[in-house]
Amino acid sequence: MLLKEIIASGIKTVSASYPAQEAREMVLACLERLIGTQRHTHLIYPEYDVPSDKAAAVLSAFDRMAGWEPLQYVTCAADFYGRTFRVTPDVLIPRPETELLCRLALLSLPAGSSPKILDMCTGSGCIAWTMALECPEATVHAVDLSDGALSVASSQDFSDELLRTGAKAPAFFKADVLQPPHISGLPGPSTYDLILSNPPYVMESEKALMRPNVLDHEPSMALFVSDEDPLLFYRAVSDWASSLLKPGGVCIVEINEALGPETAEVFLAAGFRDARIEQDLYDRPRFVISCK
């Protein structure tokens, strides 16, 4: 089957659920992942023929995408901070906003330091791995309650980059962040220079605003909190950070844009010296940065 025919078929199939231009981008990205073609291959080589077995696999992938299964789960891959991460339905798909969290975190580290970093609610491990690889001198620990998420996070393969840079792979721990940190198996108080977290923060009432590719496929335990207590995880993170951060240490969390001042107040109430709100790429309140 010709590549251009597969593209036309894919756009028609996926457009049943997504706008045509978005469907086109998804189809081309899927082909790039699954058979290694470039977005312009069908234009430069109009007679490019795809073997029947690969064509069948790609057409099946398009059907899954038309059923709202996320492209990243179909291809088992997501791009984040210039690297490709393995993802499964056990973990959230990494978002560009969280790349900015990593950038803010790296900017907070003194040049030439050898920081100890903790990532809470690690999911795919994208934050933990990014910090470890971008700062080879760092020691990075990460926690999550989900066995599936910990399996995905610990199986990320950046062995070539680790060997080339001398960076250390993150260490992953099973822990419930809603429980006190002393039962987590982590080192004791005043250990970390930097604590990061992208915890669940989408309120149940916000489900009506979400598309089925997120609502029906990404893990709800990593997304949602009750409207009655939307700051539950931020109180937990602030408690852990109050105990585990060194004096002068920094905590950066991704937040619900509707709850910026309220989230900052959680950290001030926990005894942090300051808590400022930072905007995301769309000028929406998206992070709280606190200093112990």
# chains A, B, ... in the order shown; residues from 1 in each chain; ligands from 1
>>> residues_around(residues="A:Lys174", least_positions_apart="4", cutoff="7 Å", atoms="only C-alpha atoms", output="PyMOL selection string")
chain A and resi 143-145
>>> select_by_dssp(residues="stretch 92-262 of chain A", states="alpha helix (DSSP H)", output="tab-separated table (two decimals) with N, CA and C atoms, in the first residue's frame")
chain	number	residue	atom	x	y	z
A	96	PRO	N	3.84	19.74	27.86
A	96	PRO	CA	4.82	20.83	27.73
A	96	PRO	C	4.93	21.68	28.99
A	97	GLU	N	3.83	21.86	29.71
A	97	GLU	CA	3.88	22.66	30.93
A	97	GLU	C	4.88	22.07	31.92
A	98	THR	N	4.94	20.75	31.97
A	98	THR	CA	5.84	20.11	32.92
A	98	THR	C	7.30	20.24	32.47
A	99	GLU	N	7.53	20.40	31.18
A	99	GLU	CA	8.88	20.73	30.72
A	99	GLU	C	9.33	22.05	31.34
A	100	LEU	N	8.40	23.01	31.43
A	100	LEU	CA	8.73	24.30	32.02
A	100	LEU	C	9.04	24.15	33.51
A	101	LEU	N	8.35	23.25	34.19
A	101	LEU	CA	8.68	22.98	35.59
A	101	LEU	C	10.13	22.54	35.72
A	102	CYS	N	10.56	21.64	34.82
A	102	CYS	CA	11.95	21.18	34.84
A	102	CYS	C	12.91	22.34	34.57
A	103	ARG	N	12.54	23.21	33.64
A	103	ARG	CA	13.41	24.35	33.32
A	103	ARG	C	13.54	25.28	34.53
A	104	LEU	N	12.43	25.56	35.20
A	104	LEU	CA	12.47	26.38	36.40
A	104	LEU	C	13.31	25.72	37.49
A	105	ALA	N	13.19	24.40	37.59
A	105	ALA	CA	13.96	23.67	38.59
A	105	ALA	C	15.46	23.77	38.32
A	106	LEU	N	15.85	23.60	37.07
A	106	LEU	CA	17.27	23.68	36.72
A	106	LEU	C	17.82	25.08	36.97
A	107	LEU	N	17.02	26.09	36.71
A	107	LEU	CA	17.46	27.47	36.95
A	107	LEU	C	17.62	27.77	38.43
A	108	SER	N	16.93	27.01	39.27
A	108	SER	CA	17.01	27.25	40.71
A	108	SER	C	18.26	26.66	41.35
A	126	CYS	N	9.34	11.28	34.02
A	126	CYS	CA	9.90	12.27	33.09
A	126	CYS	C	10.61	13.40	33.83
A	127	ILE	N	10.09	13.82	34.99
A	127	ILE	CA	10.76	14.87	35.75
A	127	ILE	C	12.05	14.34	36.35
A	128	ALA	N	11.97	13.19	36.99
A	128	ALA	CA	13.15	12.63	37.66
A	128	ALA	C	14.28	12.37	36.67
A	129	TRP	N	13.96	11.74	35.55
A	129	TRP	CA	14.99	11.45	34.55
A	129	TRP	C	15.56	12.73	33.93
A	130	THR	N	14.69	13.69	33.67
A	130	THR	CA	15.18	14.94	33.08
A	130	THR	C	16.15	15.64	34.02
A	131	MET	N	15.81	15.70	35.29
A	131	MET	CA	16.71	16.34	36.25
A	131	MET	C	18.03	15.58	36.36
A	132	ALA	N	17.97	14.26	36.36
A	132	ALA	CA	19.19	13.47	36.47
A	132	ALA	C	20.08	13.65	35.24
A	133	LEU	N	19.47	13.69	34.07
A	133	LEU	CA	20.27	13.76	32.83
A	133	LEU	C	20.73	15.18	32.54
A	134	GLU	N	19.94	16.17	32.91
A	134	GLU	CA	20.33	17.56	32.66
A	134	GLU	C	21.33	18.06	33.70
A	147	ASP	N	2.29	0.80	41.35
A	147	ASP	CA	3.29	-0.17	40.90
A	147	ASP	C	3.50	-0.06	39.39
A	148	GLY	N	2.40	0.16	38.65
A	148	GLY	CA	2.53	0.29	37.20
A	148	GLY	C	3.37	1.48	36.80
A	149	ALA	N	3.14	2.61	37.47
A	149	ALA	CA	3.92	3.81	37.18
A	149	ALA	C	5.39	3.59	37.52
A	150	LEU	N	5.67	2.99	38.66
A	150	LEU	CA	7.06	2.75	39.05
A	150	LEU	C	7.76	1.81	38.07
A	151	SER	N	7.02	0.85	37.54
A	151	SER	CA	7.60	-0.06	36.54
A	151	SER	C	7.97	0.71	35.28
A	152	VAL	N	7.08	1.61	34.84
A	152	VAL	CA	7.37	2.41	33.65
A	152	VAL	C	8.55	3.34	33.91
A	153	ALA	N	8.52	4.04	35.04
A	153	ALA	CA	9.57	5.03	35.34
A	153	ALA	C	10.94	4.38	35.43
A	154	SER	N	11.01	3.24	36.09
A	154	SER	CA	12.31	2.60	36.28
A	154	SER	C	12.82	1.91	35.03
A	159	SER	N	20.46	4.60	28.92
A	159	SER	CA	21.76	4.05	29.29
A	159	SER	C	22.90	4.70	28.52
A	160	ASP	N	22.69	4.99	27.24
A	160	ASP	CA	23.76	5.62	26.45
A	160	ASP	C	24.10	7.00	27.00
A	161	GLU	N	23.07	7.77	27.33
A	161	GLU	CA	23.32	9.11	27.86
A	161	GLU	C	23.94	9.05	29.25
A	162	LEU	N	23.50	8.10	30.06
A	162	LEU	CA	24.11	7.94	31.38
A	162	LEU	C	25.61	7.63	31.25
A	163	LEU	N	25.93	6.76	30.33
A	163	LEU	CA	27.33	6.38	30.13
A	163	LEU	C	28.13	7.56	29.60
A	164	ARG	N	27.54	8.32	28.69
A	164	ARG	CA	28.26	9.43	28.07
A	164	ARG	C	28.50	10.58	29.04
A	165	THR	N	27.53	10.84	29.91
A	165	THR	CA	27.61	12.02	30.78
A	165	THR	C	28.09	11.72	32.19
A	212	PRO	N	-12.42	12.87	25.56
A	212	PRO	CA	-12.34	11.46	25.93
A	212	PRO	C	-10.93	10.87	25.88
A	213	ASN	N	-10.04	11.43	25.05
A	213	ASN	CA	-8.69	10.88	25.00
A	213	ASN	C	-7.98	11.00	26.34
A	214	VAL	N	-8.34	12.01	27.14
A	214	VAL	CA	-7.79	12.14	28.49
A	214	VAL	C	-8.70	11.44	29.49
A	215	LEU	N	-9.97	11.76	29.46
A	215	LEU	CA	-10.90	11.31	30.47
A	215	LEU	C	-11.04	9.79	30.51
A	232	LEU	N	-5.53	18.84	48.63
A	232	LEU	CA	-5.10	17.70	49.44
A	232	LEU	C	-3.63	17.36	49.20
A	233	PHE	N	-3.24	17.22	47.95
A	233	PHE	CA	-1.88	16.78	47.65
A	233	PHE	C	-0.85	17.89	47.91
A	234	TYR	N	-1.28	19.14	47.80
A	234	TYR	CA	-0.32	20.22	48.08
A	234	TYR	C	-0.01	20.33	49.57
A	235	ARG	N	-0.99	20.04	50.40
A	235	ARG	CA	-0.70	19.99	51.84
A	235	ARG	C	0.29	18.86	52.13
A	236	ALA	N	0.10	17.73	51.44
A	236	ALA	CA	1.01	16.60	51.64
A	236	ALA	C	2.42	16.94	51.16
A	237	VAL	N	2.51	17.54	49.98
A	237	VAL	CA	3.83	17.91	49.45
A	237	VAL	C	4.50	18.93	50.37
A	238	SER	N	3.73	19.90	50.87
A	238	SER	CA	4.32	20.91	51.75
A	238	SER	C	4.79	20.28	53.06
A	239	ASP	N	4.08	19.28	53.55
A	239	ASP	CA	4.51	18.58	54.77
A	239	ASP	C	5.81	17.83	54.53
A	240	TRP	N	5.88	17.10	53.43
A	240	TRP	CA	7.11	16.38	53.09
A	240	TRP	C	8.26	17.37	52.92
A	241	ALA	N	8.00	18.43	52.17
A	241	ALA	CA	9.06	19.39	51.88
A	241	ALA	C	9.54	20.08	53.16
A	242	SER	N	8.62	20.38	54.08
A	242	SER	CA	9.00	21.01	55.34
A	242	SER	C	9.98	20.14	56.11
A	243	SER	N	9.77	18.83	56.02
A	243	SER	CA	10.65	17.90	56.72
A	243	SER	C	11.92	17.58	55.96
A	244	LEU	N	11.81	17.34	54.67
A	244	LEU	CA	12.91	16.74	53.91
A	244	LEU	C	13.84	17.75	53.25
A	260	GLY	N	-4.22	29.26	42.20
A	260	GLY	CA	-2.87	29.74	42.44
A	260	GLY	C	-2.66	30.33	43.83
A	261	PRO	N	-3.37	31.39	44.22
A	261	PRO	CA	-3.17	31.99	45.54
A	261	PRO	C	-3.43	31.00	46.68
A	262	GLU	N	-4.45	30.16	46.52
A	262	GLU	CA	-4.77	29.19	47.56
A	262	GLU	C	-3.63	28.18	47.73
>>> closest_residue(among="A:Pro219, A:Leu268, A:Glu278, A:Trp68", to="A:Thr88", atoms="only C-alpha atoms")
A:Pro219
>>> residues_around(residues="A:Phe267", least_positions_apart="5", cutoff="7 Å", atoms="only C-alpha atoms", output="PyMOL selection string")
chain A and resi 238+272+275+290
>>> select_by_dssp(residues="stretch 37-128 of chain A", states="strand (DSSP E or B)", output="JSON, numbers by chain")
{"A": [49, 77, 78, 79, 80, 83, 84, 85, 86, 116, 117, 118, 119, 120]}
>>> decode(residues="stretch 18-80 of chain A", atoms="C-alpha atoms", output="PDB file, in the first residue's frame")
ATOM      1  CA  TYR A  18     -10.547  15.129  15.786  1.00  0.00           C
ATOM      2  CA  PRO A  19     -10.472  18.282  13.622  1.00  0.00           C
ATOM      3  CA  ALA A  20      -8.945  17.542  10.207  1.00  0.00           C
ATOM      4  CA  GLN A  21      -5.675  19.441  10.735  1.00  0.00           C
ATOM      5  CA  GLU A  22      -5.110  17.849  14.129  1.00  0.00           C
ATOM      6  CA  ALA A  23      -5.923  14.451  12.644  1.00  0.00           C
ATOM      7  CA  ARG A  24      -3.346  15.009   9.900  1.00  0.00           C
ATOM      8  CA  GLU A  25      -0.652  15.897  12.429  1.00  0.00           C
ATOM      9  CA  MET A  26      -1.493  12.838  14.494  1.00  0.00           C
ATOM     10  CA  VAL A  27      -1.375  10.539  11.460  1.00  0.00           C
ATOM     11  CA  LEU A  28       2.020  11.841  10.358  1.00  0.00           C
ATOM     12  CA  ALA A  29       3.395  11.579  13.898  1.00  0.00           C
ATOM     13  CA  CYS A  30       2.091   8.025  14.201  1.00  0.00           C
ATOM     14  CA  LEU A  31       3.751   7.011  10.936  1.00  0.00           C
ATOM     15  CA  GLU A  32       7.007   8.585  12.039  1.00  0.00           C
ATOM     16  CA  ARG A  33       6.942   6.509  15.236  1.00  0.00           C
ATOM     17  CA  LEU A  34       5.752   3.212  13.797  1.00  0.00           C
ATOM     18  CA  ILE A  35       7.500   2.958  10.424  1.00  0.00           C
ATOM     19  CA  GLY A  36      10.157   5.665  10.566  1.00  0.00           C
ATOM     20  CA  THR A  37       8.954   7.874   7.719  1.00  0.00           C
ATOM     21  CA  GLN A  38       9.305  11.651   7.800  1.00  0.00           C
ATOM     22  CA  ARG A  39       6.424  14.096   7.399  1.00  0.00           C
ATOM     23  CA  HIS A  40       7.559  14.900   3.867  1.00  0.00           C
ATOM     24  CA  THR A  41       8.390  11.356   2.717  1.00  0.00           C
ATOM     25  CA  HIS A  42       5.172  10.931   0.741  1.00  0.00           C
ATOM     26  CA  LEU A  43       5.838  14.202  -1.077  1.00  0.00           C
ATOM     27  CA  ILE A  44       9.421  13.431  -2.070  1.00  0.00           C
ATOM     28  CA  TYR A  45       8.729   9.779  -2.827  1.00  0.00           C
ATOM     29  CA  PRO A  46       5.107   9.588  -4.051  1.00  0.00           C
ATOM     30  CA  GLU A  47       5.505   5.897  -4.902  1.00  0.00           C
ATOM     31  CA  TYR A  48       6.818   4.958  -1.442  1.00  0.00           C
ATOM     32  CA  ASP A  49       5.344   1.528  -0.757  1.00  0.00           C
ATOM     33  CA  VAL A  50       4.666   0.282   2.773  1.00  0.00           C
ATOM     34  CA  PRO A  51       4.947  -3.488   3.355  1.00  0.00           C
ATOM     35  CA  SER A  52       1.589  -5.119   3.996  1.00  0.00           C
ATOM     36  CA  ASP A  53       2.356  -6.119   7.589  1.00  0.00           C
ATOM     37  CA  LYS A  54       3.405  -2.581   8.526  1.00  0.00           C
ATOM     38  CA  ALA A  55       0.447  -1.105   6.664  1.00  0.00           C
ATOM     39  CA  ALA A  56      -1.944  -3.315   8.609  1.00  0.00           C
ATOM     40  CA  ALA A  57      -0.365  -2.293  11.932  1.00  0.00           C
ATOM     41  CA  VAL A  58      -0.604   1.395  11.069  1.00  0.00           C
ATOM     42  CA  LEU A  59      -4.220   1.175   9.921  1.00  0.00           C
ATOM     43  CA  SER A  60      -5.055  -0.598  13.190  1.00  0.00           C
ATOM     44  CA  ALA A  61      -3.343   2.226  15.085  1.00  0.00           C
ATOM     45  CA  PHE A  62      -5.495   4.771  13.246  1.00  0.00           C
ATOM     46  CA  ASP A  63      -8.629   2.908  14.325  1.00  0.00           C
ATOM     47  CA  ARG A  64      -7.465   3.041  17.937  1.00  0.00           C
ATOM     48  CA  MET A  65      -6.797   6.772  17.659  1.00  0.00           C
ATOM     49  CA  ALA A  66     -10.248   7.333  16.146  1.00  0.00           C
ATOM     50  CA  GLY A  67     -11.605   5.634  19.279  1.00  0.00           C
ATOM     51  CA  TRP A  68      -9.905   8.375  21.345  1.00  0.00           C
ATOM     52  CA  GLU A  69      -6.958   6.264  22.479  1.00  0.00           C
ATOM     53  CA  PRO A  70      -4.086   8.750  22.803  1.00  0.00           C
ATOM     54  CA  LEU A  71      -1.392   8.658  20.129  1.00  0.00           C
ATOM     55  CA  GLN A  72       1.263   8.325  22.833  1.00  0.00           C
ATOM     56  CA  TYR A  73      -0.327   5.141  24.188  1.00  0.00           C
ATOM     57  CA  VAL A  74      -0.764   3.733  20.693  1.00  0.00           C
ATOM     58  CA  THR A  75       2.927   4.265  19.937  1.00  0.00           C
ATOM     59  CA  CYS A  76       4.124   3.732  23.542  1.00  0.00           C
ATOM     60  CA  ALA A  77       6.203   6.906  23.297  1.00  0.00           C
ATOM     61  CA  ALA A  78       6.036  10.586  24.265  1.00  0.00           C
ATOM     62  CA  ASP A  79       8.507  13.411  23.706  1.00  0.00           C
ATOM     63  CA  PHE A  80       9.635  15.392  26.726  1.00  0.00           C
TER      64      PHE A  80
END
